[in-house]
Each structure stands twice: as structure tokens, then as C-alpha cells.
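K.L.:
Can you read through this structure? Questions will come right after.
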Amino acid sequence: MANRTDPAAKSIRGTNPQNLVEKILRSKIYQNTYWKEQCFGLTAETLVDKAMELDHLGGTFGGNRKPTPFMCLVMKMLQIQPEKDIVVEFIKNDDYKYVRILGAFYLRLTGTDVDVYRYLEPLYNDYRKLRCKLADGKFSLTHVDEVIDELLTKDYSCDIALPRIKKRWTLESLGSLDLRKSVLEDDFEEEEEKEENEQLDVLDNGVDDRDYHRGRSPTRDRDRDRDRDRRRESHRHRDRDYDRDYDRDYDRERGRGRERDRDRDRDRERERDYYRLRGEKDYGRDRDRERDREGRERDRRDRDRGRRRSHSRSRSRSRDRKRHGHSSSPRRRGDGPEEPKKKKEKKEKKEKKDDGTDHPDPEIAEANRLRAALGLKPLKI
């Protein structure tokens with residue numbers, strides 16, 4: 001609730017007045033101790049007392065970029081949005097210079113182009129010293145007219161992006177502003193009137209014009225006139241010089257911004273091409289892997305199909321053999337019921353001869369039979 005904008009406040013440049021301060025700086029102000037303790041519950045009347053206590057100006061400072069009390073009070077003015085008369089009184093205050101700078105800074109953020117030039121240009125004649133807190137926490141010396149010139153000609157001040165305003169000569173051509181009148185212009189007019197009065201007095205006294213000019217150096221008069229005209233022209237075109245410098249700086253910054261945009265686009269194109277090429281490589285690699293996998297699957301299916309065909313072929317062959325009375329397995333020598341009887345008898349005889357029971361000696365043959373019954377090898381004599 002303490003950080004919300006006043007419900008009765010009007011939108012500035014189509015947005016919430018507090019949004020004129022960047023979000024990062026705004027969040028740092030909300031977390032600052034000075035904002036929580038000193039700025040809580042302030043109104044347009046009590047804000048003057050806090051502004052009179054200021055002893056320096058600045059944006060943020062230190063390693064964690066803490067906001068200054070000046071910036072906290074600017075944020076408070078954006079939150080409560082005081083009336084224009086109060087802000088003008090801040091600017092016209094001659095006793096407290098920081099109150100004047102606070103009002104000028106707020107008017108530069110929220111005021112119209114005509115009001116900015118109308119109320120801030122007279123402050124060019126204020127040459128009082130000011131203390132400005134830098135980003136490293138140290139203080140530097142500046143002046144009121146330098147701060148006003150920064151507000152009117154620069155894009156940034158106190159770590160805040162200032163809203164764009166029209167050039168003074170544009171407003172003059174539109175008739176919104178009168179030609180700027182210098183404070184020294186009255187002195188020039190007085191000097192011119194004094195010289196004219198001197199000439200009239202000389203003529204009234206009856207002194208010849210030639211005698212009058214004989215006592216004066218024409219070269220000195222010419223130099224004096226030239227210097228006066230030069231000062232008048234330089235002062236008259238001062239605003240145009242400011243505008244020209246401002247336009248040059250703006251064009252330079254805009255050119256740098258365009259170069260940064262081109263570099264950023266070029267980097268994006270390179271990154272896009274890199275990822276596209278890498279994607280194509282990955283897609284080709286995946287496609288090769290898919291082809292290899294499909295080839296292996298095809299080979300495996302072919303092998304399985306070949307096995308099934310050979311197995312079915314062997315089964316059909318075995319059925320045919322069984323149908324014609326043949327064994328399914330190939331017949332080996334000495335196996336099967338069709339083995340000749342003579343071979344059986346020869347085999348039996350051979351086995352009998354091998355166990356030694358047919359030995360010519362009856363005792364040895366008897367012993368071999370006993371050994372054969374016991375499972376022992378026959379005697380070999």
C-alpha cells in the first residue's frame with residue numbers, strides 16, 4: 001500500500017507516473033531505508049521539510065547501487081503528484097537550492113515542453129554551487145546552471161532516462177514560445193542608449209561633428225561595435241547552438257544504436273545458421289542410423305523367413321518319408337532293423353572273441369567268463 005500511486009493522480013505521458021523511473025531503480029527505492037522511514041506518509045506540505053534537509057543530489061551510488069535521498073523524494077513526488085503551483089513554488093525558491101533542483105527535476109519528468117522551457121530557462125542565471133554524489137560514493141562539485149543545462153540538453157540525468165522534448169526553435173516556429181530574451185540584453189540596450197545620448201549632448205553643445213569624431217578613434221569605435229554585435233549574435237544564437245549540439249549527440253547515439261542493432265541481427269543470423277546446420281547434420285545422422293536399423297531389421301526378417309522356410313521344408317520332407325515308410329533321420333551304417341544277420345553274427349563273434357571266453361585253454365576261458373561276469377577285463381596271454 002505504501003508504494004502505490006495516489007488514486008487521484010493523473011497518468012503522465014500515457015502511463016503511471018512512477019513508471020517514469022526504471023523498474024530496477026524503482027524496486028531499489030522501495031527497499032531503501034530512507035524511503036521506508038522518512039518518506040512514509042508524506043504529503044505535498046510535509047514534503048517541503050524533507051526537501052529542505054537535502055544536502056546533495058544524485059542518482060545511485062555504491063556497489064549495490066543504493067538510491068540517494070534526492071531520488072527517493074523525486075519518487076515520492078511522482079507518487080503523490082503535487083499540484084503545479086506547488087512545483088512552481090519549489091522552482092522559484094531562492095533560499096534552498098536543492099528544493100529548486102528537486103522541483104526542476106520533477107517538472108522535467110512530468111511537465112509539458114512549453115512549461116519546461118518557460119520555468120527552467122530562467123535558472124540559467126543561478127550560479128550557486130551544488131554537491132553531486134557520484135556512482136563510486138564520492139562527491140563532486142557542480143552548479144545550478146549546469147544541472148539545468150543537463151536537464152534541457154541530455155537524455156539521462158541521475159540514472160533516469162528523461163522524456164523527449166521538442167527543440168526550442170521548433171516551439172518558436174510554432175508560436176508556442178517567444179524568442180529567448182537574455183538577461184544581458186538590458187545591459188546592451190543601456191550601453192547603446194548611453195552612447196546615443198552622448199552623441200546628442202555633443203551635438204546640442206554646438207561641437208562640430210568632425211571635431212567630435214576627431215577626438216575619437218574610428219578603429220576603436222569600429223572594434224567596439226563589432227564586439228557588441230558579436231556578443232549579441234552569439235547570445236541570440238546560443239539556443240540554436242545548444243539544439244545543434246543536442247541534435248548531433250542524438251544523431252551520434254542513434255547511429256551507434258543502429259550499429260548495435262546491425263551487430264545484434266548479424267549475431268542472430270550466425271546463431272540461426274549454426275543451429276540450422278547442426279540440425280541438418282543431426283537429421284542426416286539420425287536418418288543414417290534409421291537406415292542402418294531398418295537394414296538390420298530387414299536382414300533379421302530375411303534370416304527368420306529363411307529359417308522358417310527351411311524348417312517347413314524339412315518337416316514336409318519328414319512327413320513324406322514317414323508316409324513311404326522311411327525314417328526321418330538318415331540311416332547310418334550298422335543301424336536299423338534292415339541290418340543283415342551275417343553282420344550281427346560277425347559282430348557277436350567278434351565281441352565274444354574280445355572277452356577271451358573262446359580261449360583254447362579251458363581254465364583261461366573259465367577265468368575270463370568269471371571276469372566278464374564281474375565286469376573285469378579278460379586275461380590276455
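Ligands are numbered from 1 in the order shown, chains are lettered A, B, ... in the order of the C-alpha cells, and residues start at 1 in each chain.
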Write out as a PyMOL selection string each polymer residue whose atoms come within 9 Å of region 72-80 of chain A, counting only C-alpha atoms; drop sequence neighbours fewer than 5 positions from it.
P.N.:
chain A and resi 3-9+16-18+20-21+26+29-30+32+34-35+39-40+42-44+47+50-51+67+102-103+105-106+110
K.L.:
Do you know which residues are at most 10 Å from Asn125 (chain A) counting only C-alpha atoms, after dropping those on the same chain fewer than 4 positions away, and could you put them as a PyMOL selection string?
P.N.:
chain A and resi 121+144-145+182-183
K.L.:
Kindly indicate which residue among A:Leu379, A:Leu162, A:Ala367, A:Cys132 lies nearest to Val147 (chain A), using only C-alpha atoms for the distances.
P.N.:
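Closest residue, counting only C-alpha atoms: A:Cys132.
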K.L.:
From a DSSP calculation on the backbone, collect every residue of region 94-200 of chain A in strand (DSSP E) and output the set as a ChimeraX atom specification.
P.N.:
/A:129-133,139-143,156-157,160-161
K.L.:
Per DSSP on the backbone, what are the alpha helix (DSSP H) residues of region 41-94 of chain A, as a PyMOL selection string?
P.N.:
chain A and resi 47-52+69-80+84-92
K.L.:
What gap, in Å, lies between CA of Leu174 (chain A) and CA of Tyr117 (chain A)?
P.N.:
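CA of Tyr117 (chain A) lies 14.3 Å from CA of Leu174 (chain A).
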K.L.:
Might you pull out every residue within 12 Å of Ala135 (chain A), with only C-alpha atoms counted and same-chain residues fewer than 3 positions away left off, and present them as a ChimeraX atom specification?
P.N.:
/A:57-68,132,138-140,158-159
K.L.:
Would you compute the distance between CA of Ile160 (chain A) and CA of Leu109 (chain A)? Give it in Å to one decimal.
P.N.:
9.5 Å
K.L.:
Have a look at A:Ala2, A:Arg309, A:Tyr98, A:Glu53 and name the one nearest to Glu37 (chain A); count only C-alpha atoms.
P.N.:
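Comparing A:Ala2, A:Arg309, A:Tyr98, A:Glu53 against Glu37 (chain A), the winner is A:Ala2.
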K.L.:
When you count only C-alpha atoms, which of these residues is closest to Thr142 (chain A): A:His56, A:Glu297, A:Gln81, A:Gly111?
P.N.:
A:His56
K.L.:
Extract, using only C-alpha atoms, all DNA, RNA and protein residues at most 12 Å from Arg164 (chain A), discarding same-chain residues fewer than 4 positions from it, and format them as a list of chain:residue names.
P.N.:
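Those residues are A:Arg13, A:Leu20, A:Arg108, A:Leu109, A:Thr110, A:Gly111, A:Thr112, A:Asp113, A:Val116, A:Leu151, A:Leu152, A:Thr153, A:Lys154, A:Asp155, A:Tyr156, A:Tyr246, A:Tyr250.
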